[in-house]
Every structure is written in structure tokens, then in C-alpha cells.
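Source file: coords.cif; contents: mmCIF, C-alpha atoms and all ligand atoms.
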data_data
#
loop_
_atom_site.label_atom_id
_atom_site.label_comp_id
_atom_site.auth_asym_id
_atom_site.auth_seq_id
_atom_site.Cartn_x
_atom_site.Cartn_y
_atom_site.Cartn_z
CA MET A 152 -15.92 -12.38 -1.23
CA ASP A 153 -16.10 -10.22 1.89
CA GLU A 154 -15.25 -13.27 3.99
CA GLU A 155 -12.12 -14.00 1.94
CA ARG A 156 -11.06 -10.39 2.20
CA ASP A 157 -11.65 -10.35 5.94
CA SER A 158 -9.73 -13.56 6.33
CA LEU A 159 -6.72 -12.22 4.39
CA ALA A 160 -6.69 -9.06 6.47
CA SER A 161 -6.98 -11.17 9.63
CA ILE A 162 -4.03 -13.30 8.57
CA ALA A 163 -1.94 -10.18 8.03
CA ARG A 164 -3.00 -8.85 11.44
CA ALA A 165 -2.34 -12.19 13.09
CA VAL A 166 1.13 -12.38 11.53
CA ARG A 167 1.94 -8.87 12.64
CA ASP A 168 0.65 -9.46 16.15
CA ARG A 169 2.65 -12.64 16.38
CA ILE A 170 5.82 -10.89 15.25
CA GLU A 171 5.22 -8.15 17.79
CA TRP A 172 4.98 -10.80 20.48
CA GLU A 173 8.04 -12.65 19.31
CA THR A 174 10.00 -9.44 18.91
CA ALA A 175 9.05 -8.32 22.40
CA LEU A 176 10.15 -11.72 23.73
CA GLY A 177 13.37 -11.64 21.74
CA SER A 178 12.66 -14.95 20.00
CA PHE A 179 11.43 -13.97 16.55
CA GLY A 180 12.16 -16.80 14.19
CA GLY A 181 10.71 -16.18 10.73
CA VAL A 182 7.28 -15.13 9.58
CA ALA A 183 6.81 -17.92 7.07
CA ALA A 184 6.97 -20.42 9.90
CA GLN A 185 4.52 -18.32 11.87
CA LEU A 186 2.13 -18.30 8.95
CA ALA A 187 2.30 -22.06 8.59
CA ALA A 188 1.75 -22.61 12.31
CA PRO A 189 -1.80 -23.76 13.05
CA ALA A 190 -1.73 -21.75 16.27
CA VAL A 191 -2.16 -18.45 14.38
CA ASP A 192 -5.43 -17.01 15.57
CA PRO A 193 -7.61 -16.27 12.51
CA GLN A 194 -9.69 -13.75 14.47
CA PRO A 195 -8.63 -10.12 14.69
CA ARG A 196 -7.55 -9.33 18.22
CA ALA A 197 -6.27 -6.46 20.25
CA ALA A 198 -2.61 -5.56 19.93
CA PRO A 199 -0.43 -7.25 22.56
CA GLU A 200 1.41 -5.12 25.09
CA ARG A 201 4.78 -4.03 23.77
CA SER A 202 7.88 -3.72 25.85
CA ALA A 203 8.74 -0.37 24.27
CA PRO A 204 6.12 2.30 23.54
CA ALA A 205 5.27 2.79 19.86
CA PRO A 206 6.64 6.05 18.48
CA GLY A 207 3.41 6.90 16.61
CA PRO A 208 1.15 8.96 18.90
CA LYS A 209 -2.04 7.72 17.24
CA ALA A 210 -1.25 4.12 18.15
CA GLU A 211 -1.88 4.80 21.81
CA GLU A 212 -5.02 6.85 21.24
CA ALA A 213 -6.93 4.12 19.40
CA PRO A 214 -9.55 2.26 21.42
CA ALA A 215 -9.11 -1.51 21.11
CA SER A 216 -12.68 -2.02 19.88
CA GLU A 217 -12.28 0.13 16.76
CA PRO A 218 -10.43 -0.82 13.56
CA ARG A 219 -6.81 -0.21 14.40
CA PRO A 220 -5.10 2.58 12.51
CA VAL A 221 -2.33 1.37 10.27
CA VAL A 222 0.12 3.47 12.29
CA ALA A 223 -0.39 1.07 15.22
CA ALA A 224 2.14 -1.27 13.59
CA ARG A 225 5.67 -0.26 14.43
CA LEU A 226 7.79 -3.29 13.72
CA ALA A 227 11.53 -3.12 13.22
CA ALA A 228 12.38 -2.87 9.51
CA PRO A 229 13.73 -6.46 9.20
CA ASP A 230 10.52 -7.81 10.73
CA ARG A 231 8.44 -5.80 8.31
CA ALA A 232 10.51 -7.16 5.42
CA ALA A 233 9.94 -10.71 6.68
CA ALA A 234 6.21 -10.11 7.11
CA LEU A 235 6.00 -8.69 3.59
CA ARG A 236 7.84 -11.71 2.19
CA ALA A 237 5.35 -14.01 3.88
CA LEU A 238 2.43 -12.06 2.44
CA ASP A 239 4.11 -12.01 -0.98
CA GLU A 240 4.27 -15.82 -0.85
CA GLN A 241 0.52 -15.90 -0.33
CA VAL A 242 -0.03 -13.53 -3.23
CA GLY A 243 2.15 -15.74 -5.41
CA ALA A 244 -0.09 -18.71 -4.72
CA CYS A 245 -3.37 -16.82 -5.02
CA LYS A 246 -5.99 -18.04 -7.47
CA ARG A 247 -8.96 -16.41 -5.81
CA CYS A 248 -10.09 -14.40 -8.84
CA ARG A 249 -10.01 -14.68 -12.62
CA LEU A 250 -7.01 -12.34 -12.94
CA HIS A 251 -4.63 -15.16 -12.01
CA GLU A 252 -5.44 -16.88 -15.32
CA GLY A 253 -3.67 -14.26 -17.43
CA ARG A 254 -0.71 -13.39 -15.25
CA THR A 255 2.92 -14.13 -15.95
CA ARG A 256 3.97 -13.13 -12.43
CA THR A 257 2.20 -11.65 -9.47
CA VAL A 258 3.26 -8.08 -8.68
CA PHE A 259 3.37 -7.55 -4.95
CA GLY A 260 5.24 -4.39 -3.93
CA VAL A 261 8.66 -2.84 -3.85
CA GLY A 262 10.66 -0.40 -1.81
CA ASN A 263 11.28 0.38 1.81
CA PRO A 264 9.37 -2.02 4.11
CA ALA A 265 9.38 0.77 6.69
CA GLY A 266 8.77 3.60 4.23
CA ARG A 267 7.15 6.70 5.70
CA LEU A 268 5.46 7.24 2.36
CA CYS A 269 3.53 4.68 0.32
CA PHE A 270 2.34 5.06 -3.27
CA VAL A 271 -0.63 2.91 -4.28
CA GLY A 272 -1.47 2.42 -7.96
CA GLU A 273 -4.11 0.44 -9.81
CA GLY A 274 -2.62 -2.80 -11.04
CA PRO A 275 0.26 -4.21 -13.06
CA GLY A 276 0.59 -3.52 -16.77
CA ARG A 277 2.55 -5.56 -19.30
CA ASP A 278 6.03 -4.58 -18.12
CA GLU A 279 5.14 -5.12 -14.48
CA ASP A 280 3.57 -8.51 -15.25
CA LEU A 281 6.78 -9.61 -16.96
CA ARG A 282 9.13 -8.27 -14.27
CA GLY A 283 7.01 -8.97 -11.18
CA GLU A 284 7.64 -5.43 -9.95
CA PRO A 285 5.22 -2.50 -9.79
CA PHE A 286 5.70 0.67 -11.81
CA VAL A 287 8.60 -0.30 -14.06
CA GLY A 288 7.04 0.72 -17.42
CA ALA A 289 6.60 4.24 -18.82
CA ALA A 290 4.24 5.31 -16.01
CA GLY A 291 6.66 3.82 -13.51
CA GLN A 292 9.55 5.81 -14.90
CA LEU A 293 7.50 8.96 -14.48
CA LEU A 294 6.64 7.93 -10.93
CA THR A 295 10.36 7.48 -10.21
CA LYS A 296 10.98 11.04 -11.47
CA MET A 297 8.15 12.34 -9.28
CA ILE A 298 9.68 10.62 -6.25
CA GLN A 299 13.10 12.08 -7.09
CA ALA A 300 11.56 15.54 -7.48
CA MET A 301 10.44 15.15 -3.87
CA GLY A 302 14.07 14.69 -2.87
CA LEU A 303 13.60 10.96 -2.33
CA ALA A 304 14.71 7.77 -4.07
CA ARG A 305 12.45 4.93 -5.14
CA GLU A 306 14.08 2.82 -2.44
CA ASP A 307 12.96 5.27 0.25
CA VAL A 308 9.24 4.72 -0.32
CA TYR A 309 6.99 1.69 -0.62
CA ILE A 310 5.13 1.14 -3.92
CA CYS A 311 2.26 -1.25 -4.53
CA ASN A 312 -1.05 -1.66 -6.35
CA VAL A 313 -4.69 -2.39 -5.60
CA VAL A 314 -4.60 -5.66 -7.57
CA LYS A 315 -1.56 -7.90 -7.82
CA CYS A 316 -2.25 -9.53 -11.20
CA ARG A 317 -2.42 -7.81 -14.58
CA PRO A 318 -5.98 -7.28 -15.83
CA PRO A 319 -6.48 -8.37 -19.46
CA GLU A 320 -5.63 -5.62 -21.99
CA ASN A 321 -4.77 -3.39 -19.02
CA ARG A 322 -8.44 -2.80 -18.30
CA THR A 323 -9.52 -1.30 -14.99
CA PRO A 324 -9.87 -4.01 -12.32
CA LEU A 325 -13.48 -4.99 -11.72
CA PRO A 326 -15.05 -4.36 -8.30
CA ASP A 327 -15.04 -8.07 -7.39
CA GLU A 328 -11.36 -8.36 -8.36
CA MET A 329 -10.50 -5.33 -6.21
CA ALA A 330 -12.49 -6.72 -3.31
CA THR A 331 -10.84 -10.13 -3.59
CA CYS A 332 -7.36 -8.59 -3.56
CA ALA A 333 -8.15 -5.99 -0.88
CA GLY A 334 -6.85 -8.08 2.01
CA PHE A 335 -3.39 -8.16 0.46
CA LEU A 336 -3.24 -4.38 0.12
CA GLU A 337 -4.57 -4.01 3.66
CA GLY A 338 -1.89 -6.40 4.85
CA GLN A 339 0.86 -4.48 3.09
CA LEU A 340 -0.28 -1.19 4.60
CA GLU A 341 -0.61 -2.77 8.05
CA ILE A 342 2.95 -4.05 7.86
CA VAL A 343 4.66 -1.03 6.26
CA ALA A 344 2.60 1.37 8.39
CA PRO A 345 3.32 4.46 6.29
CA GLU A 346 2.74 7.93 7.69
CA VAL A 347 1.21 9.13 4.42
CA ILE A 348 -0.31 7.28 1.46
CA VAL A 349 -0.56 8.70 -2.07
CA ALA A 350 -3.46 7.12 -3.96
CA MET A 351 -2.56 7.35 -7.63
CA GLY A 352 -5.67 7.36 -9.81
CA SER A 353 -9.33 6.66 -9.23
CA THR A 354 -8.97 2.92 -8.65
CA ALA A 355 -6.60 3.40 -5.72
CA ALA A 356 -8.67 6.27 -4.33
CA ARG A 357 -11.86 4.21 -4.60
CA GLN A 358 -10.36 1.23 -2.87
CA LEU A 359 -8.68 3.12 -0.04
CA LEU A 360 -11.37 5.73 0.56
CA GLN A 361 -14.41 3.66 -0.44
CA THR A 362 -15.74 6.52 -2.53
CA THR A 363 -16.88 6.96 -6.10
CA ALA A 364 -16.14 10.70 -6.11
CA ALA A 365 -14.20 11.99 -9.12
CA MET A 366 -10.46 12.54 -8.78
CA GLY A 367 -10.94 16.21 -9.62
CA ARG A 368 -12.93 16.58 -6.40
CA LEU A 369 -10.80 14.32 -4.23
CA ARG A 370 -7.30 15.55 -5.04
CA GLY A 371 -5.69 18.51 -3.34
CA SER A 372 -6.65 17.62 0.21
CA PHE A 373 -5.95 14.82 2.64
CA HIS A 374 -8.47 12.07 3.28
CA GLU A 375 -8.06 9.14 5.64
CA TYR A 376 -7.51 5.40 5.48
CA ARG A 377 -7.59 3.78 8.93
CA GLY A 378 -6.11 6.84 10.55
CA VAL A 379 -3.47 7.43 7.88
CA PRO A 380 -3.62 10.58 5.74
CA VAL A 381 -4.24 9.78 2.08
CA MET A 382 -3.55 12.22 -0.74
CA PRO A 383 -5.41 11.20 -3.89
CA THR A 384 -3.85 12.46 -7.10
CA TYR A 385 -3.77 11.73 -10.80
CA HIS A 386 -2.12 8.51 -11.95
CA PRO A 387 1.27 8.86 -13.70
CA ALA A 388 -0.22 7.14 -16.78
CA TYR A 389 -2.78 9.96 -16.93
CA LEU A 390 0.06 12.48 -16.72
CA LEU A 391 1.73 10.88 -19.72
CA ARG A 392 -1.36 11.74 -21.76
CA ASN A 393 -2.29 15.02 -20.01
CA ALA A 394 0.77 17.15 -19.33
CA GLU A 395 -1.41 19.94 -17.90
CA ALA A 396 -2.17 17.68 -14.91
CA LYS A 397 1.50 17.76 -13.81
CA LYS A 398 1.11 21.06 -11.97
CA PRO A 399 -1.81 19.90 -9.77
CA VAL A 400 0.02 16.64 -9.05
CA TRP A 401 3.13 18.54 -7.98
CA ASP A 402 0.93 20.73 -5.76
CA ASP A 403 -0.43 17.53 -4.18
CA LEU A 404 3.05 16.10 -3.67
CA LYS A 405 4.22 19.35 -2.05
CA LYS A 406 1.43 18.95 0.50
CA VAL A 407 2.64 15.40 1.12
CA MET A 408 6.21 16.64 1.64
CA ALA A 409 4.99 19.30 4.06
CA ARG A 410 3.03 16.66 5.97
CA LEU A 411 6.15 14.52 6.26
CA GLY A 412 8.32 17.49 7.18
CA LEU A 413 10.42 17.08 4.03
CA PRO A 414 11.99 20.17 2.46
CA ASP A 415 10.91 21.04 -1.08
CA PRO A 416 14.15 20.61 -3.11
CA ARG A 417 12.75 22.96 -5.76
CA ALA A 418 11.85 25.80 -3.42
CA PRO A 419 14.03 28.95 -3.79
CA ARG A 420 16.38 29.37 -0.83
N1 LIG B 1 0.08 1.28 -13.42
C1 LIG B 1 -0.25 0.90 -12.17
O1 LIG B 1 -1.28 1.32 -11.63
N2 LIG B 1 0.56 0.08 -11.54
C2 LIG B 1 1.68 -0.36 -12.07
O2 LIG B 1 2.37 -1.12 -11.40
C3 LIG B 1 2.02 0.06 -13.36
C4 LIG B 1 1.21 0.88 -14.02
#
Represent the structure of the file as C-alpha cells.
Amino acid sequence: MDEERDSLASIARAVRDRIEWETALGSFGGVAAQLAAPAVDPQPRAAPERSAPAPGPKAEEAPASEPRPVVAARLAAPDRAAALRALDEQVGACKRCRLHEGRTRTVFGVGNPAGRLCFVGEGPGRDEDLRGEPFVGAAGQLLTKMIQAMGLAREDVYICNVVKCRPPENRTPLPDEMATCAGFLEGQLEIVAPEVIVAMGSTAARQLLQTTAAMGRLRGSFHEYRGVPVMPTYHPAYLLRNAEAKKPVWDDLKKVMARLGLPDPRAPR
């Protein structure tokens, strides 16, 4: 299981590295072709030299021998979109775990391929499974309102889930299912390279932070995933059942806005 996960993450890294090369050389010609090419090195390797310095300061600080922070990837938006499409194709063909048996469609991700902010949820529900898009049901509509309350549109951010296929009866994904799908999420975050991640609910927090701590203890402060600040907070589906959790979630989102330098549209002027 770990090997499969490592290999998926390596593929994503290899694709990104290849695009960086091709972009630097001015001859980028489509990620799907790159993926199919046998020359793609399956081993993780150091980032190639870029012709232009990456804008993210952390990218230059990272020693090559350590896991590279997600912010190391600074592809042009069209290249990120192409890399995401290539990864989405892999997700669409995936039968690595039992969840594929019950799916109507895989649910990859949606939004800005170069979004500064990424929301990570648990896994598709019924509506998402039918549409092939994350967060389109009742919880998704609440998420959209939360994003708008931040002064953003859904299209400004990137939205995805820990698992890409609907678990039966909307149950929580099992640890082996999360581990099997982890390479896809890692790939998405490598490509989008958000500046801040919001982990919505315990499943996302567990996967990104590798912790079993309760959400009540995790939320309210930033944690870290590969050098990227992560704000864990309650899942929108939880908010639908527990209106009193809206205030703490808004407090968490205000910290995210401050971190991104976004004005609070609700603050008195
Ligand atoms: N809940 C999630 O965690 N993800 C979705 O896409 C929808 C509901």
C-alpha cells in the first residue's frame, strides 16, 4: 500500500519536474504525453534548475535531501491545469481499492489550478458521485457560502477530497482507502502549490497532519503539511448539524484570510 502511494506521489513529482524542464526550455507539449512516455523517472529527484527564480521564498530554502515543500512548485497556471488533467485521468482509471466498485464517477477536484487557498474535504457523497465534482451537495453549498464570506469565489480556490470515490453509505473512508488514495491528493497539492490549506473535518486533518488528535484541539491554529500552513476546522456537513460551530469556523477562516493578506469583508471600516 505504501509502495503504491509512494509511486503515485513519485509520478506526480516526475510529471511536475518534467513540465518545469519543458517550460524552462520553451517546448512544453502536453502532460498526458509526458505521463505516457517511458522516460519519466519513477524515482523522486531534486528539482531541476529553473530559468526564473521561484517567487515562493521557502522554495529556495529547502535542502534537496528533505521532502520538498509543496510551495516549491511554481508552474504557470496553464501547466498546472494540464498536470491536474493528467492526474485526473489516472484517478479516473484507478481501481486500487474497493471504493471503485461503488462509484458512479470519480471526483477529482475543482477550482483554480493555481489557487492560493485549497480546501480539502473527506470524500464524495451522493451528489458529488453523480456529478463528478466535489462539494456540490448541501455541505458544498455551505462551503461555497463560506468561501464567499471570505470575499472569494469558488473559482478562486482549489477544492478536493482525501478520497476520490464515494464510500458506501457515505461512511468515513477506511485507513487503507485513505492511504491508497493519498498519492493523488499529494499530487494535487504538489501541482496547485497553495499557500494555505484548510483541512475540513477530522479525515482531512488526519491525512494531512498524520495525527489522531481531536478537531477541537487541532482547530484554531496553523499546523504544517510539507511546509504549507494548514488550518484544520470543522467540516461544513458538521456545521449543518451544529450551528454553534459556525463561529469557531469563521474565526479559523479569518486567520486564513489574515495569513493570505486578504481583507475581512465583514470587518467594520
Ligand atoms: N463532503 C466531503 O467531504 N466532500 C465532498 O465532496 C462532499 C461532501
May I ask you to write as an mmCIF file with C-alpha atoms, in the frame of the given file all residues lying at most 6 Å from ligand LIG 1 (chain B), with all atoms listed in the file counted?
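Printed below is result.cif as written:
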data_model
loop_
_atom_site.group_PDB
_atom_site.id
_atom_site.type_symbol
_atom_site.label_atom_id
_atom_site.label_comp_id
_atom_site.auth_asym_id
_atom_site.auth_seq_id
_atom_site.Cartn_x
_atom_site.Cartn_y
_atom_site.Cartn_z
ATOM 1 C CA GLY A 272 -1.470 2.420 -7.960
ATOM 2 C CA GLU A 273 -4.110 0.440 -9.810
ATOM 3 C CA GLY A 274 -2.620 -2.800 -11.040
ATOM 4 C CA PRO A 275 0.260 -4.210 -13.060
ATOM 5 C CA GLY A 276 0.590 -3.520 -16.770
ATOM 6 C CA GLU A 279 5.140 -5.120 -14.480
ATOM 7 C CA PRO A 285 5.220 -2.500 -9.790
ATOM 8 C CA PHE A 286 5.700 0.670 -11.810
ATOM 9 C CA ALA A 290 4.240 5.310 -16.010
ATOM 10 C CA GLY A 291 6.660 3.820 -13.510
ATOM 11 C CA ASN A 312 -1.050 -1.660 -6.350
#
Applying 12 Å and all atoms listed in the file, which residues near Pro414 in chain A remain after dropping the ones on its own chain fewer than 2 positions away? List them as JSON, numbers by chain. {"A": [300, 301, 302, 303, 404, 405, 406, 407, 408, 409, 410, 411, 412, 416, 417, 418, 419, 420]}
Calculated over all atoms listed in the file, which of the candidates A:Arg357, A:Arg305, A:His386, A:His374 has the smallest distance to Leu268 in chain A?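 Looking at the shortest contact to Leu268 in chain A, the residue is A:Arg305.
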List every protein, DNA or RNA residue that has an atom no more than 6 Å from (9.9, -5.5, 5.0) in the file's coordinate frame, counting all atoms listed in the file, and report them as a PyMOL selection string. chain A and resi 228-229+231-233+235+264
Here CA of Ala356 in chain A and CA of Ala234 in chain A stand apart by 24.9 Å
